[in-house]
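Trainee: Okay, here's the structure, questions in a sec.
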There are 2 protein chains.
Amino acid sequence: MRLAGFLLDGAARTFRHRGAFSKLLVVLAASGGGGIVAYADARTDAAAESAQIASKKKVVVLGTGWAGTTFLKNLDSSLYDVQVISPRNYFAFTPLLPSVTCGTVEPRSIVEPVRRIIRKKDGQIKFWEAECFKIDPDTKKLHCRTNIGTNLEGNGEFIVDYDYLVITVGARASTFNTPGVVEHCHFLKEVEDAQKIRRSVIDCFERAILPDIDEEERKRILHFVIVGAGPTGVEFAAELHDFFSEDLAKLYPTVKDLVNITVIGHAEHILTMFDKRISTFAEQKFQRDGIELKTGFKVVKVSDKTLTMQNEIHQQFSVPYGMAVWSTGIGAHPFILEFMKQIGQGNRRALATNEWLRVRECADVYAIGDCATIAQSKVMDDILEIFRFADKDNSGNLTMKEIEDVLEDICVRYPQVELYLKSKHMSDIVDLIKASKDADKMESEGINIEEFKIALANVDSQVKSLPATAQVAAQQGIYLARCFNKRKDREENPEGPQRIKEAGRHHFLPFRYKHFGQFAPLGGEQTAAELPGDWISIGHSTQWLWYSVYASKQVSWRTRTLVMSDWARRFVFGRDSCRI
Amino acid sequence: MRLAGFLLDGAARTFRHRGAFSKLLVVLAASGGGGIVAYADARTDAAAESAQIASKKKVVVLGTGWAGTTFLKNLDSSLYDVQVISPRNYFAFTPLLPSVTCGTVEPRSIVEPVRRIIRKKDGQIKFWEAECFKIDPDTKKLHCRTNIGTNLEGNGEFIVDYDYLVITVGARASTFNTPGVVEHCHFLKEVEDAQKIRRSVIDCFERAILPDIDEEERKRILHFVIVGAGPTGVEFAAELHDFFSEDLAKLYPTVKDLVNITVIGHAEHILTMFDKRISTFAEQKFQRDGIELKTGFKVVKVSDKTLTMQNEIHQQFSVPYGMAVWSTGIGAHPFILEFMKQIGQGNRRALATNEWLRVRECADVYAIGDCATIAQSKVMDDILEIFRFADKDNSGNLTMKEIEDVLEDICVRYPQVELYLKSKHMSDIVDLIKASKDADKMESEGINIEEFKIALANVDSQVKSLPATAQVAAQQGIYLARCFNKRKDREENPEGPQRIKEAGRHHFLPFRYKHFGQFAPLGGEQTAAELPGDWISIGHSTQWLWYSVYASKQVSWRTRTLVMSDWARRFVFGRDSCRI
């Protein structure tokens, strides 16, 4: 049905755009059989389409994670010739990856084929399962390589041109060059990682229960170590504990007393990005569950059977382990690092973009999601321009009126100003200036550049980089798609703030992240949550909130149904322990 | 709950069997804390159990397929010390493997952990995920090796003793030494094979749609070849065609006209083990679906991009292909071949057992399922003994009475007699003898050995080996478990026929296979079925019969629910095309 619709649609477009071809089609239809008509139809369709596409700008999207998929879903694909390149032909709902490691949710329930997502765009978006290995911003070319098999003609490489490039390739795990991590630790970034961890957990139990092994060795094999006490590490530890206590203990009764789970974190507490109450609750819950916490420790070496760590007090010491998961730190992909060198960002860890998500010093290239950070302009870097911009009468002094006139533009352009005021419980920038200069004096003589500098000296302390979360990536995807959709409109009717350094307005408002809260599942059907408005919620009811939020956030009805039925299945039958 | 129950059970057994230990337990309970009690409990429990086990015979089961699992489910495990060794810690419902290749059913829905199956036996059965690599029937020892990881102390090898050994390791794919098959073809024996095929199908589509590939190459990549026109090959071809036409054609519209599926079979028709009507219907359906049939062809060589075949008329010729699945022929595992050499069965293809499923010339070793064949004793081999056995008065002539007296025993011992009579539309052996000798003469003078030989000369033509199906394996498992359960009983009260060569009766009736029919799913919601009583049923209604039979045959309520929800999911959302 849909195929037929697609072809009819194609034929209709042919009539609209290519009179000559459509006549040919009619002639052939009169003289030839059905097969020939279909052939001619396809030909003219393709010709018409390519002519139409030729006039459109080429947008190439690298990656199909949160940022890329949200961008594609929100993009008006009729405006551009859109091509998507990613080594994964699916989108994965990564917040459920820890659940996949223990079989609470099946891997296939959290993935959706990219082609199904882009099909909703009338087939105008092309997708290629390949890896970009080199970006050439000078010629606007991408060098790609398919990662499928080896028997493709040649070496499977091809080149793609772009007019606009949107980089959404995410990050990869970073080992901070700790020796042995790559060889011996699991990561938890991809669906395949979660599947490997699941098999590995079962392997440990099957291995530990074999005959002819001494108690010490069984204990070693059943020591599960998680390096990283952030949300992923903590959630994985909680899942593992549930998997063990709810399911595996019944199946492996003879070794059930030998299991140990240890979470190693660099900071003094776990879940430091959460409110202190959550972090404390989590620590107490883990203690009750018998999960050992080694906070304030740094892992310095990993060998096949031992893991070496140290803290400020202790010298290095080693613990034997059976399985280790490394869930701390992210870094850029090698080809992104290479690209960063090319564009003079060689000393950074992620692609720096401006506040509109365009890569700095690089025309027509955008970067969103974990592969990018917004390099927020500093007020103190631009202080002279800001002063000149506000000083409309060029008097060398800013009056209250002058400041108030540009206040909104500055707050939009430099969001740290607002954050700083909030942190000082002030209502606007005038309060800030008044705090550093006598109000009466200010009223009469205004403020000069030096006094202005002093007043704003600390605002940049509020510049914060955004966390590498799905929430940020998704919001960036939506924002950028809107910018692409309204590009023409906003060139004529800009909506952004006044430019500080040049004349005119910015076309768009800069990207602003809105934090909707975050969850920390802690196992045993308990979850902690930070909700908007500094609300904290912990316990069983929050777990149900978690279920409903995660179900509603699924990318399609298919995955939503599957994830919910997985949860139901787990309630009824438990998790399964098959090693596949 | 179950764990507590298990421990209480253990403690109760302690009281029953070990008075001294139970006193110790009470003393410790009075003086120590809860922890110590638990410890003592576990200790005495283990001691009591090992004492109890010492008196039991050790039954070791190799393999957890249809035969092994059915055996375990039906075995009274309180009578033996049972140990199970298998490289897979799960049972797989193999008849649904072709459905897994295309995502109609998920791999996890057709597997059930062995530990969950044996847990229902009160934890008396031990399971070890390991591979047996050598059987030593002289010392009754099995040499095993764990296949998990490499960092187990030593080389991961251990030795297991047995009193009775039950071999249920199944078969592996046989390539008939065709060059290139192992390197380039997929097999379809294990769950992992099905998962690989699924990824590979998606790979072919993703590869074929890439830019910079010419039409010819796209066609090659999308040519799917299935070698083997038996039930598995045909069902896989049908699944593949459905997957393509119902799901992939919508997602890969630009290459949908380039797909080709070819089934290559050695025989003149496909599905030769089915009734001719089914085979013809299947051929016609495949023709309508555009699946090419190359019957009467033999594949002689496979390279990475071409497959060479020949038939009686044509010389060798090659076809380019993108993916090939080899689903023809099975052979024994290497360690079984080695064992066969040891016991003088080196020239056979599978372990030969007697009619009671015991391996011939090997005490206390049984073999069931695809790894074994029943070497049915031939009437003509035993003809002298049969004659002597029937000739009670040693007259050298058999009277009608004498024949009738032993008729039942002979028919039970040599089922081919009954089959032969049936094929000749005769009601009993007397008819057969009458056919070769005048009835009156027979009545008066009886029949001598030469005449007896002539009468029975052709009955052995009805000796047929059983097919390598789940149905056979499961029936053998049930049969053998019953024999193990009633071993003691039947030693005293044998139920089997009179021994022909020795005195006394056989303890058990020999194994008899009962064929309940078989299905051949042909795609497009159509299935053909051979049902008991020579019934043939083809079409959509048979597909629903197939659904209900396969759902009811599931090994647990978990897999039953999962398989049915997978079918429902496929109806609603289609199959998914994520490459994971």
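Ordering of the structure tokens sets the chain letters (A, B, ...); residue numbers start at 1 within each chain; ligands are numbered from 1 in the order shown.
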Contacts from chain B to chain A, 8 Å maximum, only C-alpha atoms: show me the residue list as a PDB file with N, CA and C atoms, in the first residue's frame.
Mentor:
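Saved the output as result_24.pdb:
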```pdb
ATOM      1  N   ARG B   2      11.731 -19.534  47.592  1.00  0.00           N
ATOM      2  CA  ARG B   2      12.134 -20.871  47.161  1.00  0.00           C
ATOM      3  C   ARG B   2      13.467 -21.255  47.775  1.00  0.00           C
ATOM      4  N   LEU B   3      14.331 -20.235  47.922  1.00  0.00           N
ATOM      5  CA  LEU B   3      15.623 -20.495  48.527  1.00  0.00           C
ATOM      6  C   LEU B   3      15.431 -20.975  49.955  1.00  0.00           C
ATOM      7  N   ARG B  88      25.822 -25.111  26.114  1.00  0.00           N
ATOM      8  CA  ARG B  88      24.768 -24.089  26.127  1.00  0.00           C
ATOM      9  C   ARG B  88      23.980 -24.216  27.421  1.00  0.00           C
ATOM     10  N   ASN B  89      23.817 -23.125  28.143  1.00  0.00           N
ATOM     11  CA  ASN B  89      23.099 -23.221  29.411  1.00  0.00           C
ATOM     12  C   ASN B  89      21.590 -23.049  29.231  1.00  0.00           C
ATOM     13  N   TYR B  90      21.120 -23.299  28.000  1.00  0.00           N
ATOM     14  CA  TYR B  90      19.688 -23.149  27.750  1.00  0.00           C
ATOM     15  C   TYR B  90      19.191 -24.231  26.803  1.00  0.00           C
ATOM     16  N   ARG B 108      15.395 -14.800  22.204  1.00  0.00           N
ATOM     17  CA  ARG B 108      15.194 -15.053  23.613  1.00  0.00           C
ATOM     18  C   ARG B 108      13.832 -15.684  23.923  1.00  0.00           C
ATOM     19  N   VAL B 111      14.193 -19.655  23.944  1.00  0.00           N
ATOM     20  CA  VAL B 111      15.172 -20.337  24.805  1.00  0.00           C
ATOM     21  C   VAL B 111      14.707 -20.307  26.260  1.00  0.00           C
ATOM     22  N   GLU B 112      15.055 -21.351  26.970  1.00  0.00           N
ATOM     23  CA  GLU B 112      14.702 -21.448  28.390  1.00  0.00           C
ATOM     24  C   GLU B 112      15.949 -21.926  29.136  1.00  0.00           C
ATOM     25  N   PRO B 113      16.333 -21.221  30.207  1.00  0.00           N
ATOM     26  CA  PRO B 113      17.535 -21.635  30.930  1.00  0.00           C
ATOM     27  C   PRO B 113      17.390 -23.072  31.459  1.00  0.00           C
ATOM     28  N   ARG B 115      18.843 -24.249  33.948  1.00  0.00           N
ATOM     29  CA  ARG B 115      18.718 -24.213  35.407  1.00  0.00           C
ATOM     30  C   ARG B 115      17.288 -24.003  35.859  1.00  0.00           C
ATOM     31  N   ARG B 116      16.513 -23.319  35.040  1.00  0.00           N
ATOM     32  CA  ARG B 116      15.118 -23.126  35.410  1.00  0.00           C
ATOM     33  C   ARG B 116      14.352 -24.442  35.246  1.00  0.00           C
ATOM     34  N   ARG B 119      15.482 -26.701  38.084  1.00  0.00           N
ATOM     35  CA  ARG B 119      15.126 -26.201  39.411  1.00  0.00           C
ATOM     36  C   ARG B 119      13.830 -26.847  39.895  1.00  0.00           C
ATOM     37  N   TRP B 128      26.584 -28.038  34.465  1.00  0.00           N
ATOM     38  CA  TRP B 128      27.848 -27.372  34.201  1.00  0.00           C
ATOM     39  C   TRP B 128      27.928 -26.956  32.754  1.00  0.00           C
ATOM     40  N   GLU B 129      28.158 -25.675  32.539  1.00  0.00           N
ATOM     41  CA  GLU B 129      28.306 -25.171  31.173  1.00  0.00           C
ATOM     42  C   GLU B 129      29.714 -25.497  30.698  1.00  0.00           C
ATOM     43  N   THR B 146      35.672 -26.166  30.063  1.00  0.00           N
ATOM     44  CA  THR B 146      34.757 -25.034  30.027  1.00  0.00           C
ATOM     45  C   THR B 146      35.075 -24.178  28.802  1.00  0.00           C
ATOM     46  N   ILE B 148      34.127 -21.020  28.672  1.00  0.00           N
ATOM     47  CA  ILE B 148      33.917 -19.638  29.100  1.00  0.00           C
ATOM     48  C   ILE B 148      35.257 -18.985  29.373  1.00  0.00           C
ATOM     49  N   GLY B 149      35.540 -17.945  28.633  1.00  0.00           N
ATOM     50  CA  GLY B 149      36.733 -17.151  28.897  1.00  0.00           C
ATOM     51  C   GLY B 149      37.995 -17.987  28.849  1.00  0.00           C
ATOM     52  N   ASN B 151      40.554 -17.162  31.439  1.00  0.00           N
ATOM     53  CA  ASN B 151      41.329 -16.920  32.653  1.00  0.00           C
ATOM     54  C   ASN B 151      40.863 -17.745  33.846  1.00  0.00           C
ATOM     55  N   LEU B 152      40.400 -18.938  33.541  1.00  0.00           N
ATOM     56  CA  LEU B 152      40.114 -19.876  34.620  1.00  0.00           C
ATOM     57  C   LEU B 152      41.461 -20.487  35.006  1.00  0.00           C
ATOM     58  N   GLU B 153      41.611 -20.798  36.302  1.00  0.00           N
ATOM     59  CA  GLU B 153      42.857 -21.454  36.738  1.00  0.00           C
ATOM     60  C   GLU B 153      43.118 -22.675  35.862  1.00  0.00           C
ATOM     61  N   PHE B 158      38.203 -30.418  33.397  1.00  0.00           N
ATOM     62  CA  PHE B 158      37.889 -31.224  34.575  1.00  0.00           C
ATOM     63  C   PHE B 158      37.327 -32.576  34.127  1.00  0.00           C
ATOM     64  N   VAL B 191      20.989 -21.070  17.843  1.00  0.00           N
ATOM     65  CA  VAL B 191      20.376 -19.747  17.974  1.00  0.00           C
ATOM     66  C   VAL B 191      21.327 -18.668  17.444  1.00  0.00           C
ATOM     67  N   GLU B 192      22.616 -18.833  17.732  1.00  0.00           N
ATOM     68  CA  GLU B 192      23.595 -17.857  17.256  1.00  0.00           C
ATOM     69  C   GLU B 192      23.609 -17.799  15.729  1.00  0.00           C
ATOM     70  N   ASP B 203      22.579  -6.560   6.594  1.00  0.00           N
ATOM     71  CA  ASP B 203      23.833  -6.097   5.999  1.00  0.00           C
ATOM     72  C   ASP B 203      23.735  -6.033   4.482  1.00  0.00           C
ATOM     73  N   GLU B 206      21.707  -3.034   3.472  1.00  0.00           N
ATOM     74  CA  GLU B 206      22.416  -1.777   3.731  1.00  0.00           C
ATOM     75  C   GLU B 206      23.582  -1.598   2.757  1.00  0.00           C
ATOM     76  N   ARG B 207      24.194  -2.724   2.395  1.00  0.00           N
ATOM     77  CA  ARG B 207      25.337  -2.658   1.486  1.00  0.00           C
ATOM     78  C   ARG B 207      24.861  -2.331   0.076  1.00  0.00           C
ATOM     79  N   ILE B 209      22.380  -0.699  -0.953  1.00  0.00           N
ATOM     80  CA  ILE B 209      21.770   0.610  -1.151  1.00  0.00           C
ATOM     81  C   ILE B 209      22.811   1.728  -1.131  1.00  0.00           C
ATOM     82  N   LEU B 210      24.039   1.380  -0.795  1.00  0.00           N
ATOM     83  CA  LEU B 210      25.090   2.406  -0.705  1.00  0.00           C
ATOM     84  C   LEU B 210      25.344   3.064  -2.057  1.00  0.00           C
ATOM     85  N   PRO B 211      25.820   4.314  -2.061  1.00  0.00           N
ATOM     86  CA  PRO B 211      26.120   4.973  -3.337  1.00  0.00           C
ATOM     87  C   PRO B 211      27.359   4.343  -3.988  1.00  0.00           C
ATOM     88  N   ASP B 212      27.598   4.693  -5.227  1.00  0.00           N
ATOM     89  CA  ASP B 212      28.815   4.261  -5.952  1.00  0.00           C
ATOM     90  C   ASP B 212      28.887   2.760  -6.179  1.00  0.00           C
ATOM     91  N   ILE B 213      27.749   2.075  -6.284  1.00  0.00           N
ATOM     92  CA  ILE B 213      27.776   0.640  -6.617  1.00  0.00           C
ATOM     93  C   ILE B 213      26.950   0.454  -7.888  1.00  0.00           C
ATOM     94  N   ALA B 249      10.926  -4.185   1.759  1.00  0.00           N
ATOM     95  CA  ALA B 249      10.631  -3.471   0.511  1.00  0.00           C
ATOM     96  C   ALA B 249      10.210  -2.021   0.786  1.00  0.00           C
ATOM     97  N   LYS B 250       9.541  -1.820   1.923  1.00  0.00           N
ATOM     98  CA  LYS B 250       9.122  -0.460   2.270  1.00  0.00           C
ATOM     99  C   LYS B 250      10.303   0.387   2.741  1.00  0.00           C
ATOM    100  N   LEU B 251      11.256  -0.271   3.378  1.00  0.00           N
ATOM    101  CA  LEU B 251      12.371   0.480   3.964  1.00  0.00           C
ATOM    102  C   LEU B 251      13.508   0.691   2.967  1.00  0.00           C
ATOM    103  N   PRO B 253      13.158   1.009  -0.684  1.00  0.00           N
ATOM    104  CA  PRO B 253      12.379   0.998  -1.929  1.00  0.00           C
ATOM    105  C   PRO B 253      13.240   1.047  -3.189  1.00  0.00           C
ATOM    106  N   ASP B 304      33.822 -16.471  -2.264  1.00  0.00           N
ATOM    107  CA  ASP B 304      33.218 -15.375  -1.513  1.00  0.00           C
ATOM    108  C   ASP B 304      32.075 -14.687  -2.258  1.00  0.00           C
ATOM    109  N   LYS B 305      32.108 -14.752  -3.600  1.00  0.00           N
ATOM    110  CA  LYS B 305      31.052 -14.074  -4.334  1.00  0.00           C
ATOM    111  C   LYS B 305      30.272 -14.963  -5.294  1.00  0.00           C
ATOM    112  N   ARG B 558       6.717 -19.060  30.203  1.00  0.00           N
ATOM    113  CA  ARG B 558       7.471 -17.875  29.810  1.00  0.00           C
ATOM    114  C   ARG B 558       7.669 -17.834  28.291  1.00  0.00           C
ATOM    115  N   PHE B 573       3.311  -4.443  14.263  1.00  0.00           N
ATOM    116  CA  PHE B 573       4.388  -3.515  13.922  1.00  0.00           C
ATOM    117  C   PHE B 573       5.309  -4.012  12.804  1.00  0.00           C
ATOM    118  N   ASP B 576      11.455  -5.928  12.681  1.00  0.00           N
ATOM    119  CA  ASP B 576      12.318  -4.744  12.683  1.00  0.00           C
ATOM    120  C   ASP B 576      13.641  -5.023  11.994  1.00  0.00           C
ATOM    121  N   SER B 577      14.258  -3.948  11.523  1.00  0.00           N
ATOM    122  CA  SER B 577      15.431  -4.089  10.655  1.00  0.00           C
ATOM    123  C   SER B 577      16.690  -3.528  11.287  1.00  0.00           C
ATOM    124  N   CYS B 578      16.708  -3.426  12.623  1.00  0.00           N
ATOM    125  CA  CYS B 578      17.909  -2.925  13.292  1.00  0.00           C
ATOM    126  C   CYS B 578      19.003  -3.983  13.203  1.00  0.00           C
ATOM    127  N   ARG B 579      20.205  -3.526  12.935  1.00  0.00           N
ATOM    128  CA  ARG B 579      21.309  -4.473  12.835  1.00  0.00           C
ATOM    129  C   ARG B 579      21.950  -4.653  14.199  1.00  0.00           C
ATOM    130  N   ILE B 580      21.292  -5.377  15.079  1.00  0.00           N
ATOM    131  CA  ILE B 580      21.927  -5.687  16.370  1.00  0.00           C
ATOM    132  C   ILE B 580      21.871  -7.193  16.573  1.00  0.00           C
TER     133      ILE B 580
END
```
Trainee: If DSSP is run on the backbone, what residues of region 237-356 of chain B are alpha helix (DSSP H)? A reply as JSON, numbers by chain would be ideal.
Mentor: {"B": [237, 238, 239, 240, 241, 242, 249, 250, 251, 276, 277, 278, 279, 280, 281, 282, 283, 284, 285, 286, 287, 288, 289, 334, 335, 336, 337, 338, 339, 340, 341, 342]}
Trainee: So that I can check the surroundings of Arg499 (chain B), please list as a compact mmCIF listing (two decimals) with N, CA and C atoms, in the first residue's frame every protein, DNA and RNA residue that reaches within 10 Å of it, counting only C-alpha atoms and ignoring chain neighbours fewer than 2 positions away.
Mentor:
```txt
# COMPACT_ATOMS: atom_id res chain seq x y z
N ILE B 386 15.60 -67.16 15.70
CA ILE B 386 14.14 -67.01 15.76
C ILE B 386 13.49 -68.37 15.55
N PHE B 389 14.00 -70.47 18.56
CA PHE B 389 13.21 -69.92 19.65
C PHE B 389 11.73 -70.35 19.52
N ASP B 409 5.90 -61.73 20.53
CA ASP B 409 7.27 -61.38 20.89
C ASP B 409 8.08 -60.95 19.66
N ILE B 410 7.90 -61.66 18.58
CA ILE B 410 8.65 -61.34 17.36
C ILE B 410 8.25 -59.99 16.80
N ARG B 413 9.73 -57.34 18.94
CA ARG B 413 11.20 -57.28 18.82
C ARG B 413 11.62 -56.78 17.45
N GLY B 496 9.22 -56.47 28.77
CA GLY B 496 9.61 -56.60 27.37
C GLY B 496 9.30 -57.97 26.80
N PRO B 497 9.61 -58.15 25.52
CA PRO B 497 9.37 -59.45 24.88
C PRO B 497 10.37 -60.50 25.37
N LYS B 501 17.68 -64.84 21.84
CA LYS B 501 18.94 -65.57 21.88
C LYS B 501 19.24 -66.14 23.27
N GLU B 502 18.66 -65.51 24.29
CA GLU B 502 18.92 -66.01 25.65
C GLU B 502 17.60 -66.34 26.30
N ALA B 503 17.73 -66.77 27.55
CA ALA B 503 16.51 -67.05 28.30
C ALA B 503 15.98 -65.77 28.92
N GLY B 504 14.75 -65.81 29.37
CA GLY B 504 14.17 -64.67 30.09
C GLY B 504 13.60 -63.62 29.16
N ARG B 505 13.06 -62.59 29.78
CA ARG B 505 12.44 -61.50 29.00
C ARG B 505 13.33 -60.28 29.02
N HIS B 506 13.17 -59.41 28.01
CA HIS B 506 13.79 -58.08 28.08
C HIS B 506 13.10 -57.29 29.16
N HIS B 507 13.86 -56.45 29.87
CA HIS B 507 13.25 -55.68 30.96
C HIS B 507 12.20 -54.70 30.45
```
Trainee: List the neighbours of region 393-406 of chain B out to 7 Å using only C-alpha atoms; skip same-chain residues closer than 6 positions along the sequence, and give me the result as number ranges by chain.
Mentor: B: 443, 446-448
Trainee: Please provide the set of residues having any atom within 7 Å of region 354-356 of chain A, restricted to only C-alpha atoms, with same-chain residues fewer than 3 positions apart removed, written as a PDB file with N, CA and C atoms, in the first residue's frame.
Mentor:
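Output saved as around25.pdb:
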```
ATOM      1  N   VAL A 359      29.790  25.067  14.665  1.00  0.00           N
ATOM      2  CA  VAL A 359      31.168  24.838  15.085  1.00  0.00           C
ATOM      3  C   VAL A 359      31.965  26.132  14.890  1.00  0.00           C
ATOM      4  N   ARG A 360      32.671  26.521  15.904  1.00  0.00           N
ATOM      5  CA  ARG A 360      33.450  27.767  15.848  1.00  0.00           C
ATOM      6  C   ARG A 360      34.516  27.695  14.765  1.00  0.00           C
ATOM      7  N   ILE A 374      29.128  23.827  23.985  1.00  0.00           N
ATOM      8  CA  ILE A 374      28.912  25.221  23.598  1.00  0.00           C
ATOM      9  C   ILE A 374      29.964  26.063  24.302  1.00  0.00           C
ATOM     10  N   ALA A 375      30.799  26.725  23.495  1.00  0.00           N
ATOM     11  CA  ALA A 375      31.798  27.616  24.085  1.00  0.00           C
ATOM     12  C   ALA A 375      31.138  28.978  24.273  1.00  0.00           C
ATOM     13  N   GLN A 376      30.513  29.164  25.405  1.00  0.00           N
ATOM     14  CA  GLN A 376      29.766  30.390  25.695  1.00  0.00           C
ATOM     15  C   GLN A 376      30.726  31.591  25.708  1.00  0.00           C
ATOM     16  N   PRO A 510      19.826  32.434  20.713  1.00  0.00           N
ATOM     17  CA  PRO A 510      20.785  31.346  20.960  1.00  0.00           C
ATOM     18  C   PRO A 510      20.100  30.176  21.666  1.00  0.00           C
ATOM     19  N   PHE A 511      20.749  29.015  21.585  1.00  0.00           N
ATOM     20  CA  PHE A 511      20.182  27.813  22.218  1.00  0.00           C
ATOM     21  C   PHE A 511      20.193  27.960  23.738  1.00  0.00           C
TER      22      PHE A 511
END
```
Trainee: Tell me, which residues of region 332-361 of chain B carry DSSP strand (DSSP E or B), written as a PyMOL selection string?
Mentor: chain B and resi 351-353+358-359
Trainee: Output N, CA and C atoms for every residue in the selection just made, as a compact mmCIF listing (two decimals), in the first residue's frame.
Mentor:
```txt
# COMPACT_ATOMS: atom_id res chain seq x y z
N LEU B 351 26.03 -42.53 16.19
CA LEU B 351 26.14 -43.59 17.19
C LEU B 351 25.02 -44.60 16.99
N ALA B 352 25.39 -45.87 16.84
CA ALA B 352 24.36 -46.90 16.67
C ALA B 352 23.94 -47.41 18.03
N THR B 353 22.64 -47.42 18.28
CA THR B 353 22.14 -47.96 19.55
C THR B 353 21.29 -49.19 19.24
N ARG B 358 20.38 -48.12 23.96
CA ARG B 358 21.72 -48.23 24.53
C ARG B 358 22.72 -48.34 23.39
N VAL B 359 23.85 -47.65 23.52
CA VAL B 359 24.86 -47.69 22.47
C VAL B 359 25.36 -49.12 22.33
```
Trainee: Skipping near chain neighbours, those fewer than 2 positions away, what residues fall within 8 Å of region 451-456 of chain B using only C-alpha atoms, listed as a list in words?
Mentor: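 So, after excluding close chain neighbours, the residues are Val379, Met380, Ile383, Phe387, Leu432, Ile433, Ala435, Ser436, Lys437, Ile447, Asn448, Ile449, Asn458 and Val459 of chain B.
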Trainee: In Å, how far is it from CA of Ser86 (chain B) to CA of Gly103 (chain A)?
Mentor: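 We find that CA of Ser86 (chain B) and CA of Gly103 (chain A) lie 22.3 Å from each other.
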Trainee: Which is closer to Phe339 (chain B) than all the others in B:Val365, B:Leu75, B:Val563, B:Val82, using only C-alpha atoms?
Mentor: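 For Phe339 (chain B), the nearest of the candidates is B:Val365.
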Trainee: Write out as an NGL selection string the residues lying within 8 Å of His241 (chain B), counting only C-alpha atoms and excluding same-chain residues fewer than 3 positions away.
Mentor: :B and (237-238 or 244-245 or 261 or 289 or 291 or 523)
